[in-house]
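This is model.cif. It holds mmCIF, C-alpha atoms.
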data_input
loop_
_atom_site.group_PDB
_atom_site.id
_atom_site.type_symbol
_atom_site.label_atom_id
_atom_site.label_comp_id
_atom_site.auth_asym_id
_atom_site.auth_seq_id
_atom_site.Cartn_x
_atom_site.Cartn_y
_atom_site.Cartn_z
ATOM 1 C CA MET B 1466 -3.364 11.582 31.214
ATOM 2 C CA VAL B 1467 -5.385 8.423 31.777
ATOM 3 C CA GLY B 1468 -7.739 9.330 28.934
ATOM 4 C CA GLY B 1469 -4.765 9.869 26.630
ATOM 5 C CA LEU B 1470 -3.202 6.542 27.587
ATOM 6 C CA ILE B 1471 -6.489 4.734 26.978
ATOM 7 C CA ALA B 1472 -6.809 6.403 23.567
ATOM 8 C CA LEU B 1473 -3.232 5.363 22.761
ATOM 9 C CA ALA B 1474 -3.883 1.772 23.819
ATOM 10 C CA VAL B 1475 -7.060 1.588 21.730
ATOM 11 C CA VAL B 1476 -5.368 3.001 18.607
ATOM 12 C CA LEU B 1477 -2.391 0.636 18.897
ATOM 13 C CA ALA B 1478 -4.655 -2.364 19.544
ATOM 14 C CA VAL B 1479 -6.872 -1.627 16.538
ATOM 15 C CA ALA B 1480 -3.874 -0.904 14.293
ATOM 16 C CA SER B 1481 -2.147 -4.136 15.413
ATOM 17 C CA ALA B 1482 -5.250 -6.212 14.755
ATOM 18 C CA THR B 1483 -5.549 -4.583 11.320
ATOM 19 C CA GLY B 1484 -1.882 -5.198 10.616
ATOM 20 C CA PHE B 1485 -2.023 -8.888 11.531
ATOM 21 C CA ALA B 1486 -5.250 -9.394 9.563
ATOM 22 C CA MET B 1487 -3.742 -7.741 6.491
ATOM 23 C CA ARG B 1488 -0.531 -9.694 6.790
ATOM 24 C CA ARG B 1489 -2.535 -12.940 6.773
ATOM 25 C CA ARG B 1490 -4.481 -11.949 3.678
ATOM 26 C CA GLN B 1491 -1.709 -10.290 1.705
ATOM 27 C CA GLY B 1492 -0.436 -12.116 -1.325
ATOM 28 C CA ARG B 1493 -2.955 -14.911 -0.915
ATOM 29 C CA PHE B 1494 -4.887 -15.829 -4.037
ATOM 30 C CA ALA B 1495 -8.636 -16.100 -3.639
ATOM 31 C CA ALA B 1496 -10.527 -18.023 -6.283
ATOM 32 C CA VAL B 1497 -12.917 -15.896 -8.329
ATOM 33 C CA PRO B 1498 -16.126 -17.867 -8.842
ATOM 34 C CA VAL B 1499 -16.976 -18.434 -12.478
ATOM 35 C CA PRO B 1500 -20.701 -18.034 -13.148
ATOM 36 C CA GLY B 1501 -22.182 -21.256 -14.448
ATOM 37 C CA ALA B 1502 -19.287 -23.239 -13.080
ATOM 38 C CA GLY B 1503 -19.780 -26.758 -11.823
ATOM 39 C CA THR B 1504 -20.174 -28.633 -15.051
ATOM 40 C CA GLY B 1505 -17.704 -28.141 -17.837
ATOM 41 C CA THR B 1506 -16.014 -25.143 -16.271
ATOM 42 C CA ALA B 1507 -13.611 -24.793 -19.150
ATOM 43 C CA ALA B 1508 -16.395 -23.954 -21.560
ATOM 44 C CA ALA B 1509 -18.413 -21.784 -19.166
ATOM 45 C CA PRO B 1510 -18.341 -18.171 -20.315
ATOM 46 C CA ALA B 1511 -17.226 -15.774 -17.588
ATOM 47 C CA ALA B 1512 -19.331 -12.781 -16.633
ATOM 48 C CA PRO B 1513 -18.295 -9.594 -18.478
ATOM 49 C CA GLY B 1514 -16.978 -8.034 -15.295
ATOM 50 C CA SER B 1515 -14.736 -10.946 -14.473
ATOM 51 C CA ALA B 1516 -12.986 -11.316 -17.812
ATOM 52 C CA LEU B 1517 -10.391 -9.263 -19.652
ATOM 53 C CA SER B 1518 -9.917 -9.187 -23.396
ATOM 54 C CA ALA B 1519 -6.818 -8.522 -25.469
ATOM 55 C CA ASP B 1520 -8.327 -5.075 -26.148
ATOM 56 C CA ASP B 1521 -8.526 -4.390 -22.419
ATOM 57 C CA LEU B 1522 -4.935 -5.452 -21.914
ATOM 58 C CA GLY B 1523 -3.463 -3.909 -25.039
ATOM 59 C CA VAL B 1524 -1.600 -7.157 -25.769
ATOM 60 C CA PRO B 1525 -2.747 -10.652 -26.808
ATOM 61 C CA LEU B 1526 -3.787 -13.016 -24.031
ATOM 62 C CA GLY B 1527 -1.290 -15.693 -23.059
ATOM 63 C CA ALA B 1528 -2.012 -19.017 -24.754
ATOM 64 C CA GLN B 1529 -2.028 -20.803 -21.388
ATOM 65 C CA ALA B 1530 -2.554 -18.017 -18.864
ATOM 66 C CA THR B 1531 -2.062 -14.297 -18.289
ATOM 67 C CA LEU B 1532 -0.820 -12.611 -15.127
ATOM 68 C CA VAL B 1533 -2.197 -9.074 -14.775
ATOM 69 C CA GLN B 1534 -0.841 -6.643 -12.200
ATOM 70 C CA PHE B 1535 -2.617 -3.390 -11.344
ATOM 71 C CA SER B 1536 -0.126 -0.787 -10.085
ATOM 72 C CA THR B 1537 0.115 2.913 -9.358
ATOM 73 C CA GLY B 1538 3.055 5.284 -9.216
ATOM 74 C CA PHE B 1539 2.667 5.503 -5.431
ATOM 75 C CA CYS B 1540 2.735 1.824 -4.582
ATOM 76 C CA ALA B 1541 5.355 0.455 -2.224
ATOM 77 C CA TYR B 1542 5.072 -3.232 -3.206
ATOM 78 C CA CYS B 1543 4.446 -2.897 -6.946
ATOM 79 C CA GLY B 1544 8.127 -2.956 -7.945
ATOM 80 C CA PRO B 1545 8.976 -6.244 -6.180
ATOM 81 C CA ALA B 1546 5.675 -7.776 -7.405
ATOM 82 C CA ARG B 1547 6.469 -6.813 -11.013
ATOM 83 C CA LYS B 1548 9.881 -8.455 -10.776
ATOM 84 C CA LEU B 1549 8.434 -11.661 -9.368
ATOM 85 C CA LEU B 1550 5.553 -11.930 -11.863
ATOM 86 C CA ALA B 1551 7.798 -11.189 -14.854
ATOM 87 C CA GLU B 1552 10.181 -13.880 -13.657
ATOM 88 C CA VAL B 1553 7.457 -16.501 -13.150
ATOM 89 C CA ALA B 1554 5.831 -15.690 -16.516
ATOM 90 C CA GLY B 1555 9.202 -15.675 -18.282
ATOM 91 C CA GLN B 1556 9.951 -19.209 -17.123
ATOM 92 C CA ARG B 1557 6.779 -20.656 -18.632
ATOM 93 C CA ASP B 1558 5.654 -21.024 -22.216
ATOM 94 C CA GLY B 1559 2.323 -19.451 -23.047
ATOM 95 C CA VAL B 1560 2.169 -17.319 -19.916
ATOM 96 C CA THR B 1561 2.040 -13.560 -20.473
ATOM 97 C CA PHE B 1562 2.620 -10.860 -17.867
ATOM 98 C CA VAL B 1563 0.857 -7.490 -18.210
ATOM 99 C CA GLU B 1564 1.135 -4.512 -15.864
ATOM 100 C CA ILE B 1565 -1.647 -1.915 -15.882
ATOM 101 C CA ASP B 1566 -1.584 1.559 -14.319
ATOM 102 C CA ALA B 1567 -4.766 1.491 -12.250
ATOM 103 C CA ALA B 1568 -5.064 5.284 -12.134
ATOM 104 C CA GLU B 1569 -4.801 5.583 -15.925
ATOM 105 C CA ARG B 1570 -7.183 2.721 -16.677
ATOM 106 C CA MET B 1571 -9.922 3.809 -14.316
ATOM 107 C CA GLU B 1572 -12.650 2.026 -16.315
ATOM 108 C CA LEU B 1573 -10.896 -1.321 -15.756
ATOM 109 C CA THR B 1574 -10.151 -0.433 -12.135
ATOM 110 C CA ARG B 1575 -13.841 0.229 -11.482
ATOM 111 C CA ARG B 1576 -15.078 -2.758 -13.469
ATOM 112 C CA LEU B 1577 -12.811 -5.164 -11.602
ATOM 113 C CA ARG B 1578 -13.260 -3.355 -8.280
ATOM 114 C CA ILE B 1579 -9.548 -2.798 -7.744
ATOM 115 C CA LEU B 1580 -9.227 -1.077 -4.368
ATOM 116 C CA SER B 1581 -5.551 -1.465 -3.588
ATOM 117 C CA THR B 1582 -2.254 -1.987 -5.368
ATOM 118 C CA PRO B 1583 -0.654 -4.201 -6.309
ATOM 119 C CA THR B 1584 -3.634 -6.403 -7.216
ATOM 120 C CA VAL B 1585 -2.758 -9.466 -9.281
ATOM 121 C CA LEU B 1586 -5.249 -11.373 -11.450
ATOM 122 C CA VAL B 1587 -4.660 -14.803 -12.946
ATOM 123 C CA LEU B 1588 -6.497 -15.182 -16.260
ATOM 124 C CA ASP B 1589 -7.331 -18.387 -18.056
ATOM 125 C CA PRO B 1590 -6.678 -18.694 -21.839
ATOM 126 C CA LEU B 1591 -10.052 -17.030 -22.554
ATOM 127 C CA GLY B 1592 -9.307 -14.063 -20.303
ATOM 128 C CA GLY B 1593 -11.555 -15.178 -17.454
ATOM 129 C CA VAL B 1594 -10.336 -14.118 -14.022
ATOM 130 C CA THR B 1595 -9.714 -17.298 -12.041
ATOM 131 C CA SER B 1596 -8.138 -15.848 -8.898
ATOM 132 C CA ARG B 1597 -6.774 -12.618 -7.475
ATOM 133 C CA SER B 1598 -4.600 -11.358 -4.666
ATOM 134 C CA SER B 1599 -3.332 -8.028 -3.416
ATOM 135 C CA GLY B 1600 -0.414 -6.731 -1.406
ATOM 136 C CA PRO B 1601 3.155 -8.009 -1.447
ATOM 137 C CA GLN B 1602 3.443 -11.125 -3.600
ATOM 138 C CA ARG B 1603 4.993 -14.471 -2.726
ATOM 139 C CA LYS B 1604 6.449 -16.625 -5.456
ATOM 140 C CA ALA B 1605 4.992 -19.883 -4.103
ATOM 141 C CA ASP B 1606 1.474 -18.410 -4.095
ATOM 142 C CA ILE B 1607 1.814 -17.086 -7.648
ATOM 143 C CA VAL B 1608 3.124 -20.435 -8.901
ATOM 144 C CA ALA B 1609 0.284 -22.287 -7.155
ATOM 145 C CA ALA B 1610 -2.410 -19.951 -8.524
ATOM 146 C CA LEU B 1611 -0.918 -20.261 -11.996
ATOM 147 C CA GLY B 1612 -0.765 -24.031 -11.621
ATOM 148 C CA ARG B 1613 -4.518 -24.185 -11.102
ATOM 149 C CA VAL B 1614 -4.987 -22.620 -14.549
ATOM 150 C CA LEU B 1615 -2.262 -24.578 -16.331
ATOM 151 C CA ALA B 1616 -3.419 -27.905 -14.861
ATOM 152 C CA PRO B 1617 -7.016 -27.352 -13.746
ATOM 153 C CA ASP B 1618 -7.560 -31.053 -13.007
ATOM 154 C CA GLY B 1619 -4.854 -31.019 -10.405
ATOM 155 C CA MET B 1620 -2.399 -32.806 -12.671
ATOM 156 C CA PRO B 1621 1.120 -31.483 -12.257
ATOM 157 C CA SER B 1622 2.346 -29.916 -15.484
ATOM 158 C CA MET U 1360 15.652 8.564 -7.105
ATOM 159 C CA PRO U 1361 15.703 5.420 -4.964
ATOM 160 C CA VAL U 1362 15.980 5.757 -1.197
ATOM 161 C CA ASP U 1363 17.391 3.390 1.417
ATOM 162 C CA SER U 1364 14.308 1.410 2.529
ATOM 163 C CA ARG U 1365 15.390 1.658 6.151
ATOM 164 C CA GLY U 1366 15.125 5.475 6.068
ATOM 165 C CA PRO U 1367 11.327 5.806 5.710
ATOM 166 C CA ARG U 1368 10.891 2.913 8.156
ATOM 167 C CA PHE U 1369 13.060 4.684 10.735
ATOM 168 C CA GLY U 1370 11.069 7.877 10.127
ATOM 169 C CA ALA U 1371 7.825 5.955 10.710
ATOM 170 C CA VAL U 1372 9.120 4.742 14.078
ATOM 171 C CA ILE U 1373 9.959 8.296 15.227
ATOM 172 C CA THR U 1374 6.620 9.541 13.856
ATOM 173 C CA THR U 1375 4.807 6.802 15.781
ATOM 174 C CA VAL U 1376 6.518 7.856 19.025
ATOM 175 C CA VAL U 1377 5.777 11.560 18.453
ATOM 176 C CA LEU U 1378 2.104 10.932 17.626
ATOM 177 C CA ALA U 1379 1.772 8.587 20.619
ATOM 178 C CA VAL U 1380 3.095 11.421 22.812
ATOM 179 C CA VAL U 1381 0.562 13.776 21.180
ATOM 180 C CA LEU U 1382 -2.268 11.425 22.096
ATOM 181 C CA VAL U 1383 -1.104 10.971 25.707
ATOM 182 C CA THR U 1384 -0.485 14.725 26.051
ATOM 183 C CA SER U 1385 -4.019 15.445 24.829
ATOM 184 C CA GLY U 1386 -5.222 13.939 28.101
ATOM 185 C CA VAL U 1387 -3.266 16.629 29.990
ATOM 186 C CA SER U 1388 -3.164 19.767 27.880
ATOM 187 C CA HIS U 1389 -4.888 20.385 24.570
ATOM 188 C CA PRO U 1390 -2.687 23.395 23.626
ATOM 189 C CA LEU U 1391 0.475 21.384 24.300
ATOM 190 C CA ALA U 1392 -0.829 18.458 22.217
ATOM 191 C CA GLY U 1393 -1.755 20.944 19.482
ATOM 192 C CA TRP U 1394 1.737 22.465 19.339
ATOM 193 C CA LEU U 1395 3.363 19.049 19.256
ATOM 194 C CA LEU U 1396 1.041 17.939 16.443
ATOM 195 C CA PHE U 1397 1.828 21.184 14.615
ATOM 196 C CA ALA U 1398 5.537 20.355 14.814
ATOM 197 C CA GLN U 1399 4.861 16.886 13.362
ATOM 198 C CA THR U 1400 2.758 18.498 10.614
ATOM 199 C CA LEU U 1401 5.779 20.616 9.649
ATOM 200 C CA VAL U 1402 7.976 17.498 9.603
ATOM 201 C CA PHE U 1403 5.482 15.798 7.249
ATOM 202 C CA ALA U 1404 5.319 18.942 5.096
ATOM 203 C CA VAL U 1405 9.090 19.081 4.569
ATOM 204 C CA GLY U 1406 9.203 15.428 3.502
ATOM 205 C CA ALA U 1407 6.205 15.773 1.193
ATOM 206 C CA LEU U 1408 6.917 19.164 -0.369
ATOM 207 C CA ALA U 1409 10.727 19.409 -0.369
ATOM 208 C CA GLY U 1410 11.455 15.684 -0.748
ATOM 209 C CA LEU U 1411 12.644 12.889 1.486
ATOM 210 C CA ARG U 1412 16.274 14.004 1.303
ATOM 211 C CA TYR U 1413 15.272 17.024 3.394
ATOM 212 C CA ALA U 1414 12.878 15.144 5.700
ATOM 213 C CA PRO U 1415 14.014 15.835 9.306
ATOM 214 C CA TYR U 1416 13.806 12.216 10.486
ATOM 215 C CA GLY U 1417 15.563 11.176 7.290
ATOM 216 C CA LEU U 1418 18.432 13.532 8.151
ATOM 217 C CA ILE U 1419 18.695 11.916 11.587
ATOM 218 C CA PHE U 1420 18.739 8.497 9.925
ATOM 219 C CA ARG U 1421 21.397 9.435 7.385
ATOM 220 C CA ASN U 1422 23.711 11.236 9.774
ATOM 221 C CA LEU U 1423 23.360 9.277 12.997
ATOM 222 C CA VAL U 1424 21.873 5.844 12.248
ATOM 223 C CA ARG U 1425 23.049 4.703 8.843
ATOM 224 C CA PRO U 1426 26.770 5.159 9.590
ATOM 225 C CA ARG U 1427 26.313 2.492 12.267
ATOM 226 C CA LEU U 1428 24.291 0.128 10.025
ATOM 227 C CA GLY U 1429 26.420 -0.004 6.909
ATOM 228 C CA PRO U 1430 25.333 0.232 3.253
ATOM 229 C CA PRO U 1431 21.668 -0.176 2.274
ATOM 230 C CA THR U 1432 20.379 -3.729 1.902
ATOM 231 C CA ALA U 1433 17.360 -2.642 -0.144
ATOM 232 C CA THR U 1434 16.233 0.505 -1.903
ATOM 233 C CA GLU U 1435 12.806 1.664 -3.035
ATOM 234 C CA PRO U 1436 11.394 4.511 -5.147
ATOM 235 C CA GLU U 1437 10.883 7.815 -3.349
ATOM 236 C CA ALA U 1438 7.348 8.506 -4.649
ATOM 237 C CA PRO U 1439 5.301 6.171 -2.387
ATOM 238 C CA PRO U 1440 6.796 7.226 0.985
ATOM 239 C CA ARG U 1441 6.800 10.860 -0.131
ATOM 240 C CA PHE U 1442 3.121 10.676 -1.083
ATOM 241 C CA SER U 1443 2.298 9.129 2.290
ATOM 242 C CA GLN U 1444 4.146 12.036 3.993
ATOM 243 C CA GLY U 1445 1.660 14.282 2.191
ATOM 244 C CA VAL U 1446 -1.259 12.228 3.492
ATOM 245 C CA GLY U 1447 0.247 12.477 6.988
ATOM 246 C CA MET U 1448 0.594 16.239 6.533
ATOM 247 C CA VAL U 1449 -3.122 16.591 5.731
ATOM 248 C CA PHE U 1450 -4.261 14.424 8.668
ATOM 249 C CA ALA U 1451 -1.880 16.027 11.178
ATOM 250 C CA GLY U 1452 -2.803 19.468 9.772
ATOM 251 C CA VAL U 1453 -6.524 18.896 10.285
ATOM 252 C CA GLY U 1454 -5.798 17.627 13.805
ATOM 253 C CA THR U 1455 -3.705 20.716 14.544
ATOM 254 C CA ILE U 1456 -6.537 22.971 13.360
ATOM 255 C CA GLY U 1457 -8.871 21.019 15.652
ATOM 256 C CA PHE U 1458 -6.712 21.655 18.723
ATOM 257 C CA ALA U 1459 -6.209 25.309 17.751
ATOM 258 C CA ALA U 1460 -9.901 25.931 17.099
ATOM 259 C CA GLY U 1461 -11.061 24.526 20.425
ATOM 260 C CA LEU U 1462 -12.280 21.264 18.872
ATOM 261 C CA PRO U 1463 -10.013 18.818 20.735
ATOM 262 C CA VAL U 1464 -12.048 15.801 19.634
ATOM 263 C CA LEU U 1465 -11.187 16.628 16.004
ATOM 264 C CA GLY U 1466 -7.548 16.964 17.014
ATOM 265 C CA ILE U 1467 -7.510 13.659 18.873
ATOM 266 C CA VAL U 1468 -9.335 11.731 16.131
ATOM 267 C CA PHE U 1469 -7.021 12.927 13.351
ATOM 268 C CA ALA U 1470 -3.923 12.428 15.491
ATOM 269 C CA ALA U 1471 -5.211 8.894 16.127
ATOM 270 C CA PHE U 1472 -5.624 8.221 12.368
ATOM 271 C CA ALA U 1473 -2.119 9.510 11.686
ATOM 272 C CA LEU U 1474 -0.753 7.403 14.537
ATOM 273 C CA ALA U 1475 -2.454 4.250 13.253
ATOM 274 C CA ALA U 1476 -0.972 4.803 9.767
ATOM 275 C CA ALA U 1477 2.523 5.535 11.131
ATOM 276 C CA PHE U 1478 2.343 2.479 13.392
ATOM 277 C CA LEU U 1479 1.287 0.195 10.505
ATOM 278 C CA ASN U 1480 4.255 1.519 8.563
ATOM 279 C CA ALA U 1481 6.704 1.110 11.440
ATOM 280 C CA ALA U 1482 5.540 -2.277 12.729
ATOM 281 C CA PHE U 1483 4.187 -3.990 9.598
ATOM 282 C CA ASP U 1484 6.000 -2.155 6.784
ATOM 283 C CA TYR U 1485 2.560 -1.334 5.395
ATOM 284 C CA CYS U 1486 2.065 2.002 3.633
ATOM 285 C CA LEU U 1487 -1.548 2.927 4.334
ATOM 286 C CA GLY U 1488 -1.098 6.426 2.888
ATOM 287 C CA CYS U 1489 0.057 4.906 -0.417
ATOM 288 C CA GLN U 1490 -3.240 3.035 -0.776
ATOM 289 C CA LEU U 1491 -5.177 6.289 -0.518
ATOM 290 C CA TYR U 1492 -3.790 7.403 -3.895
ATOM 291 C CA LEU U 1493 -5.925 4.993 -5.913
ATOM 292 C CA LEU U 1494 -8.984 5.502 -3.680
ATOM 293 C CA ILE U 1495 -8.774 9.285 -4.224
ATOM 294 C CA GLN U 1496 -8.435 8.703 -7.975
ATOM 295 C CA ARG U 1497 -11.500 6.463 -7.872
ATOM 296 C CA ILE U 1498 -13.590 9.059 -6.054
ATOM 297 C CA ARG U 1499 -12.672 11.792 -8.534
ATOM 298 C CA PRO U 1500 -15.313 12.063 -11.246
ATOM 299 C CA ALA U 1501 -14.298 10.719 -14.637
ATOM 300 C CA HIS U 1502 -13.162 13.464 -17.003
#

Taking this structure as input, can you express it in the form of structure tokens?
Amino acid sequence: MVGGLIALAVVLAVASATGFAMRRRQGRFAAVPVPGAGTGTAAAPAAPGSALSADDLGVPLGAQATLVQFSTGFCAYCGPARKLLAEVAGQRDGVTFVEIDAAERMELTRRLRILSTPTVLVLDPLGGVTSRSSGPQRKADIVAALGRVLAPDGMPS
Amino acid sequence: MPVDSRGPRFGAVITTVVLAVVLVTSGVSHPLAGWLLFAQTLVFAVGALAGLRYAPYGLIFRNLVRPRLGPPTATEPEAPPRFSQGVGMVFAGVGTIGFAAGLPVLGIVFAAFALAAAFLNAAFDYCLGCQLYLLIQRIRPAH
């Protein structure tokens, strides 16, 4: 009895800690470091693994930015994320939204180390990955991450 | 077909309680814990194989809970929660085999995994089982 209660307490404690840690991280965009960044970042070519081409995406890159969402058919938060990203992209000129089935595009999934869905990448006009986030998406975070590409000097656009 | 989002969440709460009882019971009687885990395995199996509309906890939700709550506020596709029922079925099944085969540690460990996943679903609305889909696809060799 006591052993069982201790096991229960341990499982619930670990699961709670995991849940709170994930909730903090979810939807938050982390900057993806651009190799050679520091001087003239705009011209710095991104590493092959951290850039996507129009061929990879199957559609032309957005003139200003591209939002890429990796989804699967068994993904609880992909539907709401798709709606949000399509809305944000639709309200801005030059911003394209692309959704990719991670299970069908396994070569991209491996190359970009996609481990969970939805994972959202923000691409600059050259296809370089500037930031990424996973889990349920928040509009304010998407807009902010996009803003860093549209106005990289911090100037409001 | 979309399902009322509150249904799978309600099911996760009941599942969490049942698996918590399994874990506590394992400290008293391994056969009893094994039978209880077997029952939960069957519940998972119905949801995964027959569909959520036949899932036992879903039936409780539809017939006893939802009439008191009113119409759904949000719906979601059936595939993710149904897939995670399948993942639960495998974990609870392995745990059941552990208890039945005289390997209670196996039973306890797999019941604990299933409990953690059900709890994350119930308390945080996080579908851990859903995330396994892509990881399994990644492990599979490229064809």

Matched chain/residue IDs from the PyMOL selection byres ((chain B) within 6 of (chain U)), as a list in words
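Applying the PyMOL selection byres ((chain B) within 6 of (chain U)) to the structure shown produces Met1466, Gly1468, Gly1469, Leu1470, Ala1480, Phe1539, Cys1540, Ala1541 and Ser1581 of chain B.
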
Point-to-point distance from CA of Leu1577 in chain B to CA of Leu1517 in chain B, Å rounded to tenths:
9.4 Å

What gap, in Å, lies between CA of Arg1421 in chain U and CA of Arg1368 in chain U?
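Rounded to one decimal, the two atoms are 12.4 Å apart.
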
Using only C-alpha atoms, which protein or nucleic acid residues come within 12 Å of Ala1398 in chain U? Drop anything in the same chain fewer than 2 positions from it, and give the result as a PDB file with C-alpha atoms, in the coordinates of the input.
ATOM      1  CA  THR U1374       6.620   9.541  13.856  1.00  0.00           C
ATOM      2  CA  VAL U1377       5.777  11.560  18.453  1.00  0.00           C
ATOM      3  CA  LEU U1378       2.104  10.932  17.626  1.00  0.00           C
ATOM      4  CA  VAL U1381       0.562  13.776  21.180  1.00  0.00           C
ATOM      5  CA  LEU U1391       0.475  21.384  24.300  1.00  0.00           C
ATOM      6  CA  ALA U1392      -0.829  18.458  22.217  1.00  0.00           C
ATOM      7  CA  GLY U1393      -1.755  20.944  19.482  1.00  0.00           C
ATOM      8  CA  TRP U1394       1.737  22.465  19.339  1.00  0.00           C
ATOM      9  CA  LEU U1395       3.363  19.049  19.256  1.00  0.00           C
ATOM     10  CA  LEU U1396       1.041  17.939  16.443  1.00  0.00           C
ATOM     11  CA  THR U1400       2.758  18.498  10.614  1.00  0.00           C
ATOM     12  CA  LEU U1401       5.779  20.616   9.649  1.00  0.00           C
ATOM     13  CA  VAL U1402       7.976  17.498   9.603  1.00  0.00           C
ATOM     14  CA  PHE U1403       5.482  15.798   7.249  1.00  0.00           C
ATOM     15  CA  ALA U1404       5.319  18.942   5.096  1.00  0.00           C
ATOM     16  CA  VAL U1405       9.090  19.081   4.569  1.00  0.00           C
ATOM     17  CA  PRO U1415      14.014  15.835   9.306  1.00  0.00           C
ATOM     18  CA  MET U1448       0.594  16.239   6.533  1.00  0.00           C
ATOM     19  CA  ALA U1451      -1.880  16.027  11.178  1.00  0.00           C
ATOM     20  CA  GLY U1452      -2.803  19.468   9.772  1.00  0.00           C
ATOM     21  CA  GLY U1454      -5.798  17.627  13.805  1.00  0.00           C
ATOM     22  CA  THR U1455      -3.705  20.716  14.544  1.00  0.00           C
TER      23      THR U1455
END

Which residues are near Gln1491 in chain B? Cut-off 9 Å, all atoms listed in the file, ignore same chain within fewer than 4 positions. Put them as an NGL selection string.
:B and (1486-1487 or 1598-1602)

Between CA of Ala1482 in chain B and CA of Ala1481 in chain U, what distance in Å does the model show, to one decimal?
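Straight-line distance from CA of Ala1482 in chain B to CA of Ala1481 in chain U works out to 14.4 Å.
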
Pick from U:Leu1423, U:Leu1428, U:Ala1371, U:Val1464: nearest to Gly1406 in chain U, with all atoms listed in the file counted?
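Residue with the minimum atom-to-atom distance to Gly1406 in chain U: U:Ala1371.
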
Residues selected by the PyMOL selection byres ((chain B and resi 1543-1553) around 7), written as number ranges by chain:
B: 1536, 1540-1542, 1554-1557, 1562, 1582-1583, 1601-1602, 1604

Residue nearest Arg1412 in chain U among U:Gly1457, U:Pro1500, U:Gly1370, U:Pro1463 (counting all atoms listed in the file):
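Residue with the minimum atom-to-atom distance to Arg1412 in chain U: U:Gly1370.
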
Any chance you could resolve the PyMOL selection byres ((chain B and resi 1570-1572) around 10) against this file and give the residues as a list in words?
Asp1521, Leu1522, Phe1535, Ile1565, Asp1566, Ala1567, Ala1568, Glu1569, Leu1573, Thr1574, Arg1575, Arg1576, Leu1577, Arg1578 and Ile1579 of chain B; Leu1493, Gln1496, Arg1497 and Ala1501 of chain U

Complete the atoms of range 1583-1593 of chain B to N, CA, C and O atoms and put them out as a PDB file, keeping the file's coordinate frame.
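result.pdb, written as the output of this step:
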ATOM      1  N   PRO B1583      -0.343  -3.505  -5.062  1.00  0.00           N
ATOM      2  CA  PRO B1583      -0.654  -4.201  -6.309  1.00  0.00           C
ATOM      3  C   PRO B1583      -1.808  -5.202  -6.124  1.00  0.00           C
ATOM      4  O   PRO B1583      -1.887  -5.845  -5.088  1.00  0.00           O
ATOM      5  N   THR B1584      -2.671  -5.307  -7.157  1.00  0.00           N
ATOM      6  CA  THR B1584      -3.634  -6.403  -7.216  1.00  0.00           C
ATOM      7  C   THR B1584      -3.261  -7.251  -8.425  1.00  0.00           C
ATOM      8  O   THR B1584      -3.013  -6.706  -9.509  1.00  0.00           O
ATOM      9  N   VAL B1585      -3.185  -8.548  -8.223  1.00  0.00           N
ATOM     10  CA  VAL B1585      -2.758  -9.466  -9.281  1.00  0.00           C
ATOM     11  C   VAL B1585      -3.922 -10.374  -9.646  1.00  0.00           C
ATOM     12  O   VAL B1585      -4.581 -10.939  -8.772  1.00  0.00           O
ATOM     13  N   LEU B1586      -4.201 -10.483 -10.953  1.00  0.00           N
ATOM     14  CA  LEU B1586      -5.249 -11.373 -11.450  1.00  0.00           C
ATOM     15  C   LEU B1586      -4.597 -12.488 -12.257  1.00  0.00           C
ATOM     16  O   LEU B1586      -3.641 -12.240 -13.002  1.00  0.00           O
ATOM     17  N   VAL B1587      -5.113 -13.687 -12.112  1.00  0.00           N
ATOM     18  CA  VAL B1587      -4.660 -14.803 -12.946  1.00  0.00           C
ATOM     19  C   VAL B1587      -5.779 -15.114 -13.928  1.00  0.00           C
ATOM     20  O   VAL B1587      -6.904 -15.436 -13.509  1.00  0.00           O
ATOM     21  N   LEU B1588      -5.478 -14.968 -15.228  1.00  0.00           N
ATOM     22  CA  LEU B1588      -6.497 -15.182 -16.260  1.00  0.00           C
ATOM     23  C   LEU B1588      -6.308 -16.530 -16.935  1.00  0.00           C
ATOM     24  O   LEU B1588      -5.170 -16.968 -17.157  1.00  0.00           O
ATOM     25  N   ASP B1589      -7.412 -17.150 -17.279  1.00  0.00           N
ATOM     26  CA  ASP B1589      -7.331 -18.387 -18.056  1.00  0.00           C
ATOM     27  C   ASP B1589      -7.135 -18.021 -19.542  1.00  0.00           C
ATOM     28  O   ASP B1589      -7.111 -16.838 -19.891  1.00  0.00           O
ATOM     29  N   PRO B1590      -6.981 -19.015 -20.429  1.00  0.00           N
ATOM     30  CA  PRO B1590      -6.678 -18.694 -21.839  1.00  0.00           C
ATOM     31  C   PRO B1590      -7.740 -17.818 -22.510  1.00  0.00           C
ATOM     32  O   PRO B1590      -7.456 -17.133 -23.488  1.00  0.00           O
ATOM     33  N   LEU B1591      -8.984 -17.836 -21.961  1.00  0.00           N
ATOM     34  CA  LEU B1591     -10.052 -17.030 -22.554  1.00  0.00           C
ATOM     35  C   LEU B1591     -10.136 -15.645 -21.928  1.00  0.00           C
ATOM     36  O   LEU B1591     -10.982 -14.835 -22.295  1.00  0.00           O
ATOM     37  N   GLY B1592      -9.293 -15.372 -20.951  1.00  0.00           N
ATOM     38  CA  GLY B1592      -9.307 -14.063 -20.303  1.00  0.00           C
ATOM     39  C   GLY B1592     -10.151 -14.011 -19.042  1.00  0.00           C
ATOM     40  O   GLY B1592     -10.268 -12.949 -18.423  1.00  0.00           O
ATOM     41  N   GLY B1593     -10.753 -15.139 -18.682  1.00  0.00           N
ATOM     42  CA  GLY B1593     -11.555 -15.178 -17.454  1.00  0.00           C
ATOM     43  C   GLY B1593     -10.665 -15.073 -16.226  1.00  0.00           C
ATOM     44  O   GLY B1593      -9.611 -15.694 -16.167  1.00  0.00           O
TER      45      GLY B1593
END
